[in-house]
Amino acid sequence: MRLVENQTNLEKSKTMKKTLIIFFIILFGNSIQAKVTVATIFSDNMVLQRNTTIPIWGWADVNEKVTVKFHNQSKSVKADKSGKWMVRLDNEMAGGPYVLTIEGKNAIQIKNILVGEVWLCSGQSNMEWNVEQSNNAAVEIANANFPNIRHIKIPKEINSIPNDDFKNSKWEICSPETVANFTGIGYFYAKILNQELNIPIGIINASWGGTNIETWISREGFESSDEFKAMNAQMPKGDYNSLLDLKKKATKSKIETFQKYEFTTNKIPFYKDLNFDDNLWLEVKQPGFWDGQLLASFDGFIWLRKHFTLTNEEINQVISIEIPAIDDDDITYINGVKIGETKGWDIKRVYSIPTEILKEGDNVVSIRVADNGGSGGIYGSDNALKVVLKTKEIPLSGQWKFQIEAMKNSINENEFPSLCYNAMINPLLPFAFKGVLWYQGETNMSRAFQYKKAFPLLINDWRKKWNADFPFYFVQLATFKTNGNSNEGCEWAELREAQTETLQVSNTAMVVTTDIGDPNSIHPTNKQEVGKRFASIAMNNLYGKKMICSGPTFKSFANNEKNIAVTFENCGSGLSSLNISNFVTGFEVAGNDQVFYPAKAEIISGNRIILSCNHVSNPIAIRYAWIGDASHCDLFNKEGFPAVPFRTDDWKTITKSEKYKIETFK
């Protein structure tokens with residue numbers, strides 16, 4: 001009996017233990033599943049937008065009750081069937097610091113929150129360009145004691161479908177220890193607003209160098225556009241990994257199609273050598289982007305080879321090789337010996353060649369190019385790619401042999417539309433902010449005419465997503481030494497025109513920067529003045545401090561035989577030139593032959609200029625600053641704002657036929 005009784009008790013004990021284990025598993029499991037979370041944009045030290053409803057959101061169990069407390073408010077909501085919850089707090093005045101508490105089956109506290117003005121800064125490298133890279137960086141950083149300015153950098157990520165959230169980023173308080181990596185334009189703008197308004201300023205930095213505008217527009221935005229609807233329909237369905245698999249297969253197939261010989265990695269170490277047999281390699285024109293040639297939409301590592309000949313006398317001279325630019329990185333060899341290496345797509349390469357490695361007769365330059373995304377290849381003018389001797393130059397432009405070493409197993413941020421929008425903008429919805437500062441366009445210059453549709457589309461797309469007509473202020477392309485002019489055609493000038501025409505969209509404004517660019521760098525470092533001009537617009541348009549905030553804009557002209565009288569608007573207290581006299585540079589005129597010549601331009605009143613040109617008997621068209629490097633163009637108002645570049649004709653442009661295309665993987 002005792003044995004049976006003991007066995008029965010033992011069985012009861014085991015059953016009870018199993019029951020307890022199951023209970024704790026369920027309890028523990030529920031506690032894991034029930035953890036309330038909040039979107040990453042909400043973190044310690046953040047700034048919330050004043051004077052508007054404030055959306056707060058996150059995730060929890062389905063139907064879980066979530067309570068949000070902030071300042072003197074408390075609001076509750078249940079998570080929906082997908083587990084997402086959202087409350088909208090009532091308007092708050094500028095102030096703080098406050099604590100935001102989110103309570104469900106667990107609690108979250110977000111501390112040191114301020115309420116003030118929040119601005120979204122977006123675009124490409126000139127917006128991403130940070131304080132440390134700007135003028136007088138050491139002084140600016142040392143004096144950056146502005147605890148009421150806060151900054152968050154959205155991680156650079158892409159996806160082919162919209163993300164709900166982003167990862168691994170937090171708001172930072174402005175100080176000498178943190179400000180170096182803030183967006184330069186955003187910081188200098190925020191500093192002025194903070195000082196003028198005496199309220200907290202938050203900067204959301206969602207920028208990525210080299211990105212085109214199409215990557216920042218949502219799929220729904222494209223679907224609503226007659227210009228882009230057909231293009232958008234070609235976009236493959238699926239997430240990033242499925243898109244990447246399609247790309248790998250298509251690229252591999254394309255490579256195998258045009259490379260008719262067996263590829264082996266065993267030969268790669270010999271690609272740089274003078275005597276390597278490259279007869280079976282195919283050819284590509286350089287300088288010239290690979291897009292449009294055999295290597296369109298390829299990203300990865302490629303070897304380029306080009307032979308050149310030297311005499312016995314020439315090999316003893318001081319000699320170098322000049323390469324205008326390479327997209328993106330290179331290692332360069334002469335006759336198998338490394339002579340230089342550079343990382344950076346917009347940097348000119350000048351490498352000295354040791355005389356002892358040169359040969360009488362045949363020599364070879366071999367370049368291993370890393371194309372990380374985008375067009376790829378050597379680019380620039382033909383005469384800028386050369387071997388330079390004391391007595392002559394040997395051109396290297398023309399056909400180069402090439403061999404693919406490896407594909408890059410990734411999709412770049414410009415390869416398909418909406419990639420940056422999905423991962424960097426969509427996760428911000430519907431966070432409340434005051435407005436947008438935008439600086440982008442360089443990457444779209446070859447499609448400048450289509451930018452007239454793409455840029456307004458982006459603005460309207462974002463406004464529709466936020467259901468708000470927020471201010472959208474942007475920077476016109478700065479001075480930069482690019483190819484082209486009025487008679488040859490100029491992509492840079494056409495992109496500026498597209499930006500100017502975007503001012504027809506409501507509640508927009510443009511900062512002109514022809515006077516503060518750097519002709520030799522696409523990244524001018526004077527971000528202080530750009531921030532100041534943005535701030536002038538905001539102070540005038542939004543914050544009740546009326547001031548002149550833009551430069552002269554073309555209004556009309558009257559042709560009087562050999563002269564043209566040009567009238568301007570937005571002249572402030574009057575037209576001005578940097579010259580001591582009233583003469584202005586940068587104007588051109590043309591007659592019926594559509595050939596432009598420089599014009600003599602004289603300021604004759606506060607808003608009028610007279611143009612004349614001995615080469616044009618009957619001028620019918622005017623252009624001003626219609627060139628990439630417009631640093632010589634010196635029409636301003638007396639408040640110091642430069643005139644907006646313009647043309648009065650509608651003659652042929654060189655970018656009209658260029659359209660954004662999607663690689664269809666067929």
# chains A, B, ... in the order shown; residues from 1 in each chain; ligands from 1
>>> select_by_dssp(residues="region 209-301 of chain A", states="alpha helix (DSSP H)", output="list in words")
Arg219, Glu220, Gly221, Phe222, Glu223, Lys229, Ala230, Met231, Asn232, Ala233, Tyr240, Asn241, Ser242, Leu243, Leu244, Asp245, Leu246, Lys247, Lys248, Lys249, Ala250, Thr251, Lys252, Ser253, Lys254, Ile255, Glu256, Thr257 and Phe258 of chain A
>>> closest_atom_pairs(of="region 158-242 of chain A", to="region 424-444 of chain A", cutoff="8 Å", atoms="only C-alpha atoms", output="CSV")
residue,atom,partner,partner_atom,distance
A:Ile158,CA,A:Met424,CA,7.4
A:Pro162,CA,A:Asn426,CA,6.2
A:Asn163,CA,A:Pro427,CA,5.9
A:Asp164,CA,A:Pro427,CA,4.9
A:Asp165,CA,A:Pro427,CA,4.5
A:Phe166,CA,A:Pro427,CA,6.3
A:Gly186,CA,A:Leu437,CA,7.9
A:Ala206,CA,A:Met424,CA,6.4
A:Gly210,CA,A:Thr443,CA,6.0
A:Thr211,CA,A:Thr443,CA,6.4
A:Asn212,CA,A:Thr443,CA,5.3
A:Ile213,CA,A:Asn444,CA,7.1
A:Trp216,CA,A:Ile425,CA,7.8
>>> closest_residue(among="A:Pro287, A:Asn526, A:Lys348, A:Ile319", to="Val131 (chain A)", atoms="only C-alpha atoms")
A:Asn526
>>> residues_around(residues="Phe416 (chain A)", least_positions_apart="4", cutoff="9 Å", atoms="only C-alpha atoms", output="PyMOL selection string")
chain A and resi 160+214-215+235+411-412+661-663
>>> write_last_selection(atoms="N, CA, C and O atoms", output="short mmCIF file (atom, residue, chain, number, x, y, z; two decimals), in the first residue's frame")
data_model
loop_
_atom_site.label_atom_id
_atom_site.label_comp_id
_atom_site.auth_asym_id
_atom_site.auth_seq_id
_atom_site.Cartn_x
_atom_site.Cartn_y
_atom_site.Cartn_z
N SER A 160 12.90 47.86 -50.72
CA SER A 160 11.97 47.93 -51.85
C SER A 160 10.52 47.99 -51.39
O SER A 160 9.63 48.21 -52.21
N GLU A 214 14.57 60.31 -57.44
CA GLU A 214 13.59 59.23 -57.58
C GLU A 214 13.60 58.26 -56.41
O GLU A 214 12.58 57.65 -56.09
N THR A 215 14.74 58.12 -55.75
CA THR A 215 14.81 57.20 -54.62
C THR A 215 14.07 57.73 -53.39
O THR A 215 13.77 56.97 -52.48
N MET A 235 8.56 48.19 -61.93
CA MET A 235 9.28 47.89 -60.70
C MET A 235 8.95 46.49 -60.22
O MET A 235 7.78 46.16 -59.99
N ILE A 411 22.25 46.02 -53.74
CA ILE A 411 21.53 46.99 -54.56
C ILE A 411 21.91 48.37 -54.05
O ILE A 411 21.92 48.61 -52.84
N ASN A 412 22.24 49.28 -54.96
CA ASN A 412 22.61 50.62 -54.49
C ASN A 412 21.36 51.49 -54.36
O ASN A 412 20.30 51.18 -54.91
N LYS A 661 14.92 55.39 -65.90
CA LYS A 661 14.56 54.05 -66.33
C LYS A 661 14.84 53.04 -65.22
O LYS A 661 15.72 53.25 -64.39
N ILE A 662 14.10 51.94 -65.24
CA ILE A 662 14.29 50.86 -64.29
C ILE A 662 14.87 49.66 -65.02
O ILE A 662 14.43 49.31 -66.12
N GLU A 663 15.87 49.04 -64.42
CA GLU A 663 16.40 47.78 -64.93
C GLU A 663 15.36 46.70 -64.66
O GLU A 663 15.00 46.43 -63.51
#
>>> select_by_dssp(residues="region 361-439 of chain A", states="strand (DSSP E)", output="ChimeraX atom specification")
/A:361-371,377-378,386-388,393-395,398-407,435-439
>>> residues_around(residues="Asp593 (chain A)", least_positions_apart="5", cutoff="12 Å", atoms="only C-alpha atoms", output="count of residues only")
9
>>> residues_around(residues="Asn51 (chain A)", least_positions_apart="2", cutoff="10 Å", atoms="only C-alpha atoms", output="ChimeraX atom specification")
/A:48-49,53-54,90-94,115-117,434
>>> residues_around(residues="Val387 (chain A)", least_positions_apart="6", cutoff="8 Å", atoms="only C-alpha atoms", output="list in words")
Ile319, Ser320, Ile321, Glu322, Glu393, Ile394, Pro395 and Leu396 of chain A
>>> write_last_selection(atoms="N, CA and C atoms", output="CSV table (one decimal), in the first residue's frame")
chain,number,residue,atom,x,y,z
A,319,ILE,N,57.5,62.3,-65.4
A,319,ILE,CA,56.3,61.8,-66.1
A,319,ILE,C,55.2,61.5,-65.1
A,320,SER,N,54.0,61.7,-65.5
A,320,SER,CA,52.8,61.5,-64.6
A,320,SER,C,51.6,61.1,-65.4
A,321,ILE,N,50.6,60.5,-64.7
A,321,ILE,CA,49.4,60.2,-65.4
A,321,ILE,C,48.3,61.0,-64.7
A,322,GLU,N,47.4,61.6,-65.5
A,322,GLU,CA,46.3,62.4,-65.0
A,322,GLU,C,45.0,61.8,-65.3
A,393,GLU,N,52.1,65.6,-74.2
A,393,GLU,CA,51.1,64.8,-73.5
A,393,GLU,C,50.7,63.7,-74.4
A,394,ILE,N,50.4,62.5,-73.8
A,394,ILE,CA,50.0,61.3,-74.6
A,394,ILE,C,48.5,61.1,-74.2
A,395,PRO,N,47.6,61.3,-75.1
A,395,PRO,CA,46.1,61.1,-74.7
A,395,PRO,C,45.9,59.6,-74.4
A,396,LEU,N,45.0,59.4,-73.4
A,396,LEU,CA,44.6,58.0,-73.1
A,396,LEU,C,43.1,57.8,-73.4
>>> residues_around(residues="Pro176 (chain A)", least_positions_apart="2", cutoff="9 Å", atoms="only C-alpha atoms", output="list of chain:residue names")
A:Glu140, A:Ile141, A:Ala142, A:Asn143, A:Ala144, A:Asn145, A:Cys174, A:Thr178, A:Val179, A:Ala180
>>> atom_distance(atom1="CA of Lys532 (chain A)", atom2="CA of Phe470 (chain A)")
20.1 Å
